[in-house]
>>> print(open('upload-v2.cif').read())   # mmCIF, C-alpha atoms and all ligand atoms
data_protein
loop_
_atom_site.label_atom_id
_atom_site.label_comp_id
_atom_site.auth_asym_id
_atom_site.auth_seq_id
_atom_site.Cartn_x
_atom_site.Cartn_y
_atom_site.Cartn_z
CA MET A 1 90.02 128.31 84.67
CA SER A 2 89.53 131.66 86.30
CA GLY A 3 87.20 132.12 89.25
CA LEU A 4 84.26 134.48 89.31
CA VAL A 5 84.91 138.20 89.80
CA ALA A 6 83.15 140.46 92.29
CA GLU A 7 81.05 143.25 90.82
CA PRO A 8 78.67 145.85 92.30
CA ILE A 9 75.27 144.18 92.62
CA PRO A 10 72.67 146.01 90.44
CA PHE A 11 69.77 145.54 92.91
CA ASN A 12 69.17 144.49 96.52
CA GLY A 13 69.75 140.78 96.82
CA ARG A 14 70.51 137.87 99.09
CA CYS A 15 73.71 135.89 99.57
CA ILE A 16 73.27 132.21 98.72
CA VAL A 17 75.94 131.25 101.27
CA CYS A 18 74.93 133.14 104.45
CA ASP A 19 71.40 134.18 103.37
CA GLY A 20 72.21 137.73 104.48
CA SER A 21 71.15 140.73 102.40
CA ILE A 22 73.41 142.33 99.83
CA LYS A 23 72.59 145.99 99.27
CA LYS A 24 72.44 147.51 95.80
CA GLY A 25 75.93 148.68 94.84
CA GLU A 26 77.75 146.37 97.27
CA MET A 27 80.46 144.16 95.78
CA ALA A 28 79.26 140.59 95.26
CA ILE A 29 80.16 137.58 93.20
CA PHE A 30 77.49 136.52 90.75
CA ASP A 31 77.14 132.90 89.81
CA GLU A 32 74.70 132.42 86.93
CA THR A 33 73.35 129.16 88.25
CA SER A 34 73.09 129.90 91.96
CA GLY A 35 72.86 133.64 92.51
CA HIS A 36 74.81 136.29 94.39
CA ILE A 37 77.48 135.62 97.00
CA HIS A 38 79.17 138.10 99.40
CA GLU A 39 82.86 138.46 98.58
CA LYS A 40 83.69 137.37 102.15
CA CYS A 41 81.38 134.34 102.01
CA TYR A 42 82.84 133.27 98.68
CA THR A 43 86.38 132.91 99.99
CA VAL A 44 85.46 131.69 103.48
CA ASN A 45 83.29 128.86 102.26
CA LEU A 46 85.31 127.63 99.32
CA PRO A 47 87.20 124.40 99.81
CA GLU A 48 90.85 125.51 99.58
CA SER A 49 91.80 123.28 96.69
CA SER A 50 88.96 124.36 94.44
CA THR A 51 89.33 128.15 94.72
CA THR A 52 90.32 128.48 91.09
CA GLU A 53 88.17 125.67 89.81
CA ILE A 54 84.72 127.18 90.01
CA SER A 55 83.69 129.24 87.02
CA ILE A 56 80.58 129.56 84.89
CA ASP A 57 82.23 127.38 82.27
CA ASP A 58 82.83 124.63 84.80
CA LEU A 59 79.23 124.75 85.86
CA TYR A 60 78.12 123.85 82.36
CA VAL A 61 80.89 122.19 80.37
CA GLY A 62 82.76 120.51 83.23
CA TYR A 63 79.60 119.05 84.59
CA GLU A 64 78.29 117.89 81.22
CA ASP A 65 81.58 116.25 80.28
CA LYS A 66 81.70 114.25 83.48
CA SER A 67 78.26 112.82 82.77
CA ASN A 68 79.42 110.90 79.67
CA ASP A 69 80.21 107.59 81.32
CA LEU A 70 77.13 107.79 83.46
CA ILE A 71 74.88 108.18 80.42
CA THR A 72 76.44 105.14 78.78
CA LYS A 73 75.99 103.09 81.96
CA LEU A 74 72.39 104.18 82.48
CA THR A 75 71.50 103.59 78.84
CA LEU A 76 72.69 100.00 79.15
CA GLU A 77 70.79 99.51 82.41
CA GLY A 78 67.45 100.65 80.98
CA ASN A 79 64.33 101.23 83.15
CA THR A 80 64.68 104.97 82.56
CA ASP A 81 61.00 105.83 83.10
CA GLN A 82 60.82 103.86 86.33
CA LYS A 83 63.92 105.55 87.70
CA LEU A 84 62.55 108.98 86.77
CA LEU A 85 59.30 108.23 88.59
CA GLU A 86 61.32 107.47 91.69
CA PHE A 87 63.20 110.75 91.39
CA GLU A 88 59.90 112.58 91.06
CA ALA A 89 58.41 110.87 94.12
CA ASN A 90 61.38 111.11 96.47
CA SER A 91 61.86 114.26 98.46
CA PRO A 92 65.04 115.88 97.21
CA GLU A 93 67.96 116.54 99.50
CA SER A 94 67.69 120.00 101.00
CA THR A 95 69.44 122.81 99.20
CA THR A 96 72.51 123.54 101.28
CA LYS A 97 73.55 127.14 101.21
CA THR A 98 77.23 126.61 100.70
CA ILE A 99 79.30 127.34 97.67
CA GLU A 100 80.32 123.69 97.50
CA SER A 101 76.74 122.87 96.70
CA ILE A 102 76.82 124.56 93.29
CA SER A 103 78.17 121.52 91.50
CA GLN A 104 75.94 119.26 93.57
CA SER A 105 72.82 121.29 92.95
CA ARG A 106 71.84 118.82 90.26
CA ASN A 107 71.93 115.07 90.57
CA PRO A 108 74.04 113.78 87.65
CA GLU A 109 72.09 110.53 87.50
CA LEU A 110 68.78 112.36 87.21
CA ALA A 111 70.13 114.70 84.50
CA SER A 112 71.52 111.74 82.58
CA LEU A 113 68.24 109.82 82.81
CA MET A 114 66.38 112.86 81.50
CA LYS A 115 68.78 113.08 78.55
CA ILE A 116 68.14 109.43 77.74
CA ARG A 117 64.39 109.91 78.19
CA HIS A 118 64.39 112.79 75.70
CA ASN A 119 66.59 110.99 73.21
CA HIS A 120 69.40 113.52 73.63
CA THR A 121 67.26 116.07 71.78
CA CYS A 122 66.60 119.69 72.76
CA GLN A 123 63.00 120.00 73.96
CA VAL A 124 62.83 123.57 72.65
CA CYS A 125 64.29 123.58 69.12
CA GLU A 126 64.75 119.82 68.49
CA ILE A 127 67.77 120.60 66.30
CA PRO A 128 70.25 117.70 66.52
CA THR A 129 73.46 118.84 68.19
CA PHE A 130 76.99 117.51 67.73
CA LYS A 131 77.96 114.05 68.94
CA ASN A 132 79.69 113.67 72.31
CA LYS A 133 83.32 112.65 72.30
CA ASN A 134 82.58 109.72 74.62
CA GLY A 135 79.48 107.69 73.97
CA ASP A 136 77.20 107.47 70.96
CA TYR A 137 74.75 110.28 71.59
CA HIS A 138 74.22 113.99 70.92
CA TYR A 139 75.33 116.62 73.40
CA THR A 140 72.58 118.20 75.53
CA GLU A 141 72.36 120.00 78.86
CA SER A 142 69.82 119.92 81.67
CA HIS A 143 68.08 123.11 82.73
CA HIS A 144 66.01 123.71 85.85
CA ILE A 145 62.77 125.46 84.83
CA ILE A 146 62.66 127.13 88.25
CA PRO A 147 66.35 127.65 89.10
CA ARG A 148 67.70 125.80 92.12
CA ALA A 149 68.87 129.10 93.60
CA LEU A 150 65.27 130.36 93.62
CA GLY A 151 63.94 127.20 95.29
CA GLY A 152 63.29 125.01 92.25
CA LEU A 153 63.51 121.29 92.91
CA ASP A 154 65.90 118.82 91.33
CA LYS A 155 63.05 116.65 90.02
CA PRO A 156 62.07 115.46 86.54
CA SER A 157 59.09 117.84 86.48
CA ASN A 158 61.44 120.82 86.95
CA ILE A 159 64.02 119.75 84.38
CA LEU A 160 64.25 120.45 80.66
CA ILE A 161 66.74 118.87 78.29
CA VAL A 162 68.07 121.56 76.00
CA CYS A 163 70.86 122.28 73.54
CA ALA A 164 73.61 124.65 74.65
CA ASN A 165 72.13 127.51 72.62
CA CYS A 166 68.62 127.19 74.01
CA HIS A 167 70.07 126.78 77.53
CA ARG A 168 71.78 130.14 77.25
CA LYS A 169 68.48 131.72 76.22
CA PHE A 170 67.00 130.81 79.61
CA ASP A 171 69.94 132.14 81.54
CA SER A 172 70.89 135.16 79.39
CA GLY A 173 68.03 135.89 76.97
CA ASP A 174 66.00 139.11 77.04
CA ASP A 175 62.23 139.03 77.57
CA SER A 176 61.37 138.72 73.86
CA THR A 177 63.78 135.78 73.51
CA LEU A 178 62.24 134.18 76.58
CA LEU A 179 58.70 134.86 75.34
CA GLU A 180 59.43 132.96 72.13
CA THR A 181 61.15 130.12 74.00
CA TYR A 182 58.37 129.67 76.56
CA ARG A 183 55.75 129.99 73.78
CA ILE A 184 57.28 126.93 72.10
CA LEU A 185 57.25 125.02 75.39
CA LYS A 186 53.60 125.88 75.95
CA GLN A 187 52.65 124.85 72.41
CA LYS A 188 54.26 121.48 73.05
CA ASN A 189 52.46 121.18 76.40
CA ILE A 190 55.81 120.92 78.17
CA ILE A 191 54.89 123.89 80.37
CA GLU A 192 51.15 124.29 80.97
CA ASN A 193 51.16 127.66 82.70
CA PHE A 194 53.65 130.12 84.07
CA ASP A 195 52.24 130.68 87.56
CA SER A 196 55.03 128.94 89.44
CA LEU A 197 57.71 130.67 87.36
CA LYS A 198 56.10 133.93 88.46
CA GLN A 199 55.72 132.81 92.09
CA TYR A 200 59.41 131.93 92.33
CA ASN A 201 60.45 135.19 90.62
CA ALA A 202 62.01 133.22 87.79
CA ILE A 203 60.45 135.55 85.18
CA SER A 204 59.63 139.24 85.17
CA GLU A 205 56.12 140.59 85.75
CA ASN A 206 56.12 141.95 82.21
CA LEU A 207 57.06 138.61 80.69
CA PHE A 208 54.49 136.81 82.83
CA ASN A 209 51.76 139.13 81.56
CA GLN A 210 52.80 138.51 77.96
CA LEU A 211 52.91 134.75 78.55
CA SER A 212 49.46 134.81 80.15
CA ASN A 213 48.05 136.24 76.93
CA LEU A 214 49.32 133.35 74.80
CA ASP A 215 46.66 131.05 73.38
ZN ZN B 1 67.67 123.97 71.39
ZN ZN B 2 69.90 126.73 83.36
#
>>> encode(input="upload-v2.cif", output="C-alpha cells")
Amino acid sequence: MSGLVAEPIPFNGRCIVCDGSIKKGEMAIFDETSGHIHEKCYTVNLPESSTTEISIDDLYVGYEDKSNDLITKLTLEGNTDQKLLEFEANSPESTTKTIESISQSRNPELASLMKIRHNHTCQVCEIPTFKNKNGDYHYTESHHIIPRALGGLDKPSNILIVCANCHRKFDSGDDSTLLETYRILKQKNIIENFDSLKQYNAISENLFNQLSNLD
C-alpha cells in the first residue's frame, strides 16, 4: 500500500497534527478522513513501522475488514441498543491531534454495534450489498455525519451506516449529489436539520441554503 502524497493545498487550512496553519499553495498531505497535514508533521509523527501502511484504502477497507470478528462476537452477545445508549451517554475520548489517531478516530465496537442495529443495510439507499467473507452479514461502512476532523463526535447520533457507494458520495460527491443524499436522509427523519453540518463547516453555504429549502 502506498502512503499519501503531498500536494499544494487549494485553500488556507490547518494541520491536524500540529494545529498550525497551512497557507494556500503550500505542500501538504491530504487525508480524506482527517484533513490536511504538513509534510514535516506527517513524517515526524508517524510511527516508524507504519510509514507505508497508511493510505485512504486502509482507512476504509482495512478498517472494515478487521471489524468482521467483532461484529460476529457482538451479534452473539446481543444488547445492542443498550450498548449504543451507553456510547451516546459517555463522553468520548478527546480527539488527539496525531497521525496515529486516524485509525483510532472511530471506535470499532461502536461502528460494529451500529451495523448490527441497522441490520447491515445502507441507511441512504437500502440496497443490499455483497456478503462479507467472514460472518453472515452484508458489507457496510460507518460514516461520521460531522467528520471527526471537523470536531464531530464518535457517538451513535453522529454515525450513519452506509454502503461503500453512498459513503463515497459524502466524501467525494458534488453539491447536487450531496443534496440528493441529504434529502433522502431528511425524508427518512434520520437528519432533522442541517444546522450543525453548517456550523461545523461540513457542507458548503450553497448546499446549506438548498437543504434549508427542502420540505
Ligand atoms: Zn447506499
Ligand atoms: Zn465518511
>>> closest_residue(input="upload-v2.cif", among="A:Lys169, A:Lys133, A:Arg106, A:Lys155", to="ligand ZN 1 (chain B)", atoms="all atoms listed in the file")
A:Lys169
>>> residues_near_ligand(input="upload-v2.cif", ligand="ligand ZN 2 (chain B)", cutoff="12 Å", atoms="all atoms listed in the file", output="ChimeraX atom specification")
/A:31-35,56,59-60,105-106,140-150,152,154,158-173,202
>>> closest_residue(input="upload-v2.cif", among="A:Phe130, A:Phe208, A:Tyr137, A:Phe87", to="Thr75 (chain A)", atoms="all atoms listed in the file")
A:Tyr137
>>> atom_distance(input="upload-v2.cif", atom1="CA of Phe30 (chain A)", atom2="CA of Asn12 (chain A)")
12.9 Å
>>> closest_residue(input="upload-v2.cif", among="A:Gly151, A:Thr80, A:Pro8, A:Ile184", to="Gln199 (chain A)", atoms="all atoms listed in the file")
A:Gly151
>>> residues_around(input="upload-v2.cif", residues="region 76-79 of chain A", least_positions_apart="2", cutoff="12 Å", atoms="all atoms listed in the file", output="number ranges by chain")
A: 69-74, 81-86, 112-114, 116-117, 135-136
>>> closest_residue(input="upload-v2.cif", among="A:Thr177, A:Asn68, A:Gln123, A:Asn132", to="ligand ZN 1 (chain B)", atoms="all atoms listed in the file")
A:Gln123
>>> closest_residue(input="upload-v2.cif", among="A:Ile16, A:Leu4, A:Tyr139, A:Glu109", to="ligand ZN 1 (chain B)", atoms="only C-alpha atoms and all ligand atoms")
A:Tyr139
